[in-house]
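Structure file start36.tsv with TSV, C-alpha atoms:
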```tsv
chain	number	residue	atom	x	y	z
A	57	MET	CA	9.02	-3.84	-18.05
A	58	PRO	CA	6.01	-1.51	-18.07
A	59	HIS	CA	5.55	0.97	-20.83
A	60	LEU	CA	4.44	4.54	-20.50
A	61	ASP	CA	1.38	5.87	-22.26
A	62	ASP	CA	1.26	9.12	-24.23
A	63	ASP	CA	0.85	11.09	-20.98
A	64	GLY	CA	3.98	9.51	-19.46
A	65	GLU	CA	1.99	7.35	-17.02
A	66	ASN	CA	2.24	3.63	-16.47
A	67	ASP	CA	0.11	1.73	-18.93
A	68	ASP	CA	0.37	-1.42	-16.80
A	69	VAL	CA	-1.94	-1.68	-13.79
A	70	VAL	CA	0.52	-3.73	-11.74
A	71	ALA	CA	3.30	-1.18	-12.23
A	72	LEU	CA	0.88	1.68	-11.49
A	73	LEU	CA	-0.31	0.09	-8.24
A	74	ARG	CA	3.23	-0.76	-7.11
A	75	GLN	CA	4.16	2.88	-7.76
A	76	GLN	CA	1.21	3.97	-5.62
A	77	HIS	CA	2.22	1.53	-2.86
A	78	ASN	CA	5.65	3.20	-2.81
A	79	HIS	CA	4.01	6.63	-2.62
A	80	ILE	CA	1.84	5.42	0.28
A	81	ARG	CA	4.97	4.21	2.12
A	82	ASP	CA	6.58	7.62	1.54
A	83	LEU	CA	3.49	9.46	2.80
A	84	PHE	CA	3.37	7.40	6.00
A	85	ALA	CA	7.01	8.34	6.61
A	86	GLU	CA	6.24	11.98	5.86
A	87	VAL	CA	3.36	12.03	8.37
A	88	GLU	CA	5.47	10.33	11.04
A	89	ASN	CA	8.39	12.71	10.53
A	90	ALA	CA	6.38	15.91	10.08
A	91	THR	CA	6.40	18.70	12.57
A	92	ALA	CA	3.18	19.20	14.51
A	93	ASP	CA	2.28	22.09	12.21
A	94	ASP	CA	2.71	20.05	9.01
A	95	ARG	CA	1.35	16.70	10.21
A	96	ALA	CA	-2.33	17.45	9.52
A	97	GLU	CA	-1.68	18.43	5.90
A	98	ALA	CA	0.53	15.40	5.24
A	99	PHE	CA	-2.04	13.12	6.87
A	100	ARG	CA	-4.82	14.60	4.75
A	101	ARG	CA	-2.86	13.71	1.59
A	102	LEU	CA	-2.32	10.18	2.94
A	103	VAL	CA	-6.03	9.74	3.70
A	104	ARG	CA	-6.98	10.90	0.23
A	105	LEU	CA	-4.48	8.62	-1.51
A	106	LEU	CA	-5.49	5.58	0.55
A	107	ALA	CA	-9.19	6.21	-0.06
A	108	VAL	CA	-8.97	6.63	-3.82
A	109	HIS	CA	-6.39	3.84	-4.21
A	110	GLU	CA	-8.48	1.26	-2.36
A	111	THR	CA	-11.67	2.28	-4.15
A	112	ALA	CA	-9.99	1.82	-7.53
A	113	GLU	CA	-8.62	-1.57	-6.52
A	114	GLU	CA	-12.07	-2.62	-5.33
A	115	GLU	CA	-13.75	-1.47	-8.54
A	116	VAL	CA	-11.17	-2.61	-11.10
A	117	VAL	CA	-8.44	-4.89	-9.81
A	118	HIS	CA	-10.24	-7.23	-7.44
A	119	PRO	CA	-13.04	-8.16	-9.89
A	120	SER	CA	-10.40	-9.03	-12.49
A	121	ALA	CA	-8.41	-11.05	-9.96
A	122	ARG	CA	-11.55	-13.00	-9.01
A	123	ARG	CA	-12.02	-13.99	-12.66
A	124	LEU	CA	-8.41	-14.53	-13.70
A	125	LEU	CA	-6.70	-16.16	-10.70
A	126	GLN	CA	-7.18	-19.84	-9.97
A	127	ASP	CA	-7.86	-19.07	-6.30
A	128	GLY	CA	-9.15	-15.58	-7.06
A	129	GLU	CA	-12.19	-15.74	-4.76
A	130	GLN	CA	-10.07	-16.46	-1.68
A	131	VAL	CA	-7.27	-14.07	-2.62
A	132	VAL	CA	-9.74	-11.21	-3.11
A	133	ASP	CA	-11.82	-12.04	-0.04
A	134	ASP	CA	-8.64	-11.90	2.07
A	135	ARG	CA	-7.66	-8.54	0.57
A	136	LEU	CA	-11.16	-7.13	1.12
A	137	GLU	CA	-11.07	-8.12	4.78
A	138	GLU	CA	-7.71	-6.36	5.15
A	139	GLU	CA	-9.12	-3.29	3.41
A	140	ARG	CA	-12.22	-3.20	5.62
A	141	ALA	CA	-10.10	-3.35	8.80
A	142	ALA	CA	-7.75	-0.65	7.50
A	143	LYS	CA	-10.67	1.62	6.53
A	144	GLU	CA	-12.07	1.34	10.04
A	145	LYS	CA	-8.71	2.33	11.56
A	146	LEU	CA	-8.23	5.10	9.01
A	147	SER	CA	-11.72	6.42	9.70
A	148	ARG	CA	-11.00	6.58	13.44
A	149	LEU	CA	-7.68	8.32	12.78
A	150	ASP	CA	-9.36	10.75	10.38
A	151	ASP	CA	-11.61	11.85	13.26
A	152	MET	CA	-8.63	12.45	15.57
A	153	ASN	CA	-6.56	15.56	15.91
A	154	PRO	CA	-2.98	14.81	14.83
A	155	ASP	CA	-1.85	16.43	18.12
A	156	ASP	CA	-3.82	13.84	20.12
A	157	PRO	CA	-1.41	11.63	22.13
A	158	GLY	CA	-3.06	8.53	20.67
A	159	PHE	CA	-2.65	9.65	17.06
A	160	MET	CA	0.92	8.51	16.39
A	161	PRO	CA	0.53	5.04	17.97
A	162	ALA	CA	-2.68	4.55	15.95
A	163	LEU	CA	-0.93	5.80	12.81
A	164	ARG	CA	1.93	3.32	13.30
A	165	GLU	CA	-0.57	0.49	13.74
A	166	LEU	CA	-2.38	1.53	10.57
A	167	ARG	CA	0.93	1.79	8.73
A	168	ALA	CA	1.86	-1.78	9.67
A	169	ASP	CA	-1.54	-3.05	8.49
A	170	VAL	CA	-1.50	-1.09	5.22
A	171	LEU	CA	2.04	-2.12	4.36
A	172	GLN	CA	1.22	-5.77	5.10
A	173	HIS	CA	-1.86	-5.45	2.89
A	174	ALA	CA	0.22	-3.97	0.05
A	175	ALA	CA	2.78	-6.78	0.43
A	176	SER	CA	-0.03	-9.36	0.25
A	177	GLU	CA	-1.39	-7.79	-2.94
A	178	GLU	CA	2.10	-7.75	-4.42
A	179	GLN	CA	2.63	-11.40	-3.48
A	180	TYR	CA	-0.78	-13.02	-4.05
A	181	GLU	CA	-2.65	-10.84	-6.52
A	182	PHE	CA	-0.29	-8.93	-8.78
A	183	PRO	CA	1.84	-11.84	-10.11
A	184	GLY	CA	-1.28	-13.72	-11.19
A	185	LEU	CA	-2.70	-10.66	-12.90
A	186	ARG	CA	0.56	-10.11	-14.74
A	187	GLU	CA	0.64	-13.79	-15.79
A	188	LYS	CA	-3.03	-14.14	-16.82
A	189	ALA	CA	-3.82	-10.73	-18.30
A	190	GLY	CA	-2.21	-9.59	-21.50
A	191	ALA	CA	-0.47	-6.26	-21.95
A	192	GLN	CA	-3.58	-4.75	-23.53
A	193	GLN	CA	-5.78	-5.83	-20.60
A	194	LEU	CA	-3.22	-4.53	-18.07
A	195	ALA	CA	-3.20	-1.20	-19.91
A	196	MET	CA	-7.00	-1.02	-19.96
A	197	MET	CA	-7.05	-1.78	-16.23
A	198	ALA	CA	-4.52	1.02	-15.57
A	199	THR	CA	-6.78	3.44	-17.45
A	200	ALA	CA	-9.80	2.17	-15.51
A	201	VAL	CA	-7.95	2.57	-12.19
A	202	ARG	CA	-7.12	6.20	-13.00
A	203	ALA	CA	-10.76	6.85	-14.00
A	204	ALA	CA	-12.05	5.22	-10.80
A	205	GLU	CA	-9.62	7.27	-8.71
A	206	ALA	CA	-10.83	10.48	-10.35
A	207	MET	CA	-14.38	9.74	-9.16
A	208	ALA	CA	-13.60	7.99	-5.87
A	209	PRO	CA	-14.48	9.21	-2.39
A	210	THR	CA	-11.58	10.97	-0.69
A	211	ARG	CA	-12.36	9.60	2.78
A	212	PRO	CA	-12.53	6.04	4.08
A	213	HIS	CA	-15.95	4.41	4.06
A	214	PRO	CA	-15.74	1.17	6.07
A	215	GLY	CA	-18.20	-1.45	4.88
A	216	VAL	CA	-17.94	-0.37	1.24
A	217	GLU	CA	-15.41	-2.81	-0.18
A	218	THR	CA	-16.91	-4.33	-3.31
A	219	ALA	CA	-17.32	-2.99	-6.81
A	220	ALA	CA	-21.12	-3.08	-6.49
A	221	GLU	CA	-21.05	-1.21	-3.16
A	222	ASN	CA	-18.64	1.36	-4.58
A	223	VAL	CA	-20.90	1.93	-7.60
A	224	ALA	CA	-23.96	2.29	-5.36
A	225	VAL	CA	-22.44	4.44	-2.62
A	226	GLY	CA	-19.27	5.84	-4.18
A	227	PRO	CA	-20.66	8.70	-6.29
A	228	VAL	CA	-22.66	10.17	-3.39
A	229	ALA	CA	-19.79	9.67	-0.95
A	230	ALA	CA	-17.38	11.22	-3.44
A	231	VAL	CA	-19.50	14.37	-3.79
A	232	ILE	CA	-19.82	14.68	-0.01
A	233	ASP	CA	-16.10	14.04	0.55
A	234	ARG	CA	-14.99	16.44	-2.17
A	235	THR	CA	-17.35	19.12	-0.85
A	236	ARG	CA	-15.96	18.57	2.65
A	237	ASP	CA	-12.42	18.84	1.24
A	238	ALA	CA	-13.26	22.16	-0.48
A	239	VAL	CA	-14.83	23.60	2.68
A	240	ARG	CA	-11.85	22.55	4.82
A	241	LYS	CA	-9.48	24.12	2.31
A	242	ALA	CA	-11.52	27.33	2.17
A	243	MET	CA	-11.48	27.49	5.96
A	244	GLY	CA	-7.69	27.12	5.93
A	245	LYS	CA	-7.84	23.81	7.80
A	246	ASP	CA	-6.23	21.63	5.14
A	247	SER	CA	-4.53	21.70	1.83
```
As structure tokens, the full file:
Amino acid sequence: MPHLDDDGENDDVVALLRQQHNHIRDLFAEVENATADDRAEAFRRLVRLLAVHETAEEEVVHPSARRLLQDGEQVVDDRLEEERAAKEKLSRLDDMNPDDPGFMPALRELRADVLQHAASEEQYEFPGLREKAGAQQLAMMATAVRAAEAMAPTRPHPGVETAAENVAVGPVAAVIDRTRDAVRKAMGKDS
């Protein structure tokens, strides 16, 4: 059973990421069920969560899984391929107007891919991390995930799926994305 840190947040990376997977599921449902007027705002929150979540996994979780899991290289390579494909779909969706007739079918396709990816992480990556990493290491990883998310780009960047690529490209992309977010908000186009 995960413990909570002094701020009331999960101090176990596996519990934290499972919690985020549940939030992602909820946001997909919210976007699908939103009225036309609310869909863009709900989708924007989904894009942001997916972007920062995947970046943090790429920077913190996957490198640890490579080292700790017996078949870590293959497990992580499979997850990175899933993430790359999802980022490409998310990027195309991010460029679409939510009122576009192709938006909802593309969103449902992305949802299926993202949920399958989350299930694969929960089946192939998380149990091994929980088994091989001690409570202290899981807590340090949870802290590192939150720090990575605070600095992560808020938009998908297909082709940037490794820790090294995120370190090289991430800070610049994050500044650009966060500036774009602020401008969109100021223009009343998004929350």
### Task
In Å, rounded to a single decimal, give me how far atom CA of A:Ala141 is from atom CA of A:Asp82.
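A separation of 21.2 Å between them.
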### Query
Taking all atoms listed in the file into account, which of A:Val87, A:Leu149, A:Ala208, A:Ala198 comes nearest A:Leu72?
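So, comparing all the options, the nearest one is A:Ala198.
Nearest residue to A:Ala85 among A:Leu136, A:Leu125, A:Leu171, A:Ala191 is A:Leu171, counting only C-alpha atoms.
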Six-sided padding of 3 Å per side, axis-aligned box over stretch 101-115 of chain A, centre and edges in Å, one decimal, as lines of an AutoDock Vina configuration file:
```
center_x = -8.0
center_y = 5.5
center_z = -2.4
size_x = 17.4
size_y = 22.3
size_z = 18.2
```
### Selected residue of minimal separation from A:Leu73 among A:Thr91, A:Arg164, A:Leu106, A:Gln172, counting all atoms listed in the file
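When distances to A:Leu73 are compared using all atoms listed in the file, the smallest one comes from A:Leu106.
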### Task
Have a look at A:Lys145, A:Arg135, A:Arg100, A:His173 and name the one nearest to A:Ala121; count all atoms listed in the file.
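Counting all atoms listed in the file, the residue closest to A:Ala121 is A:Arg135.
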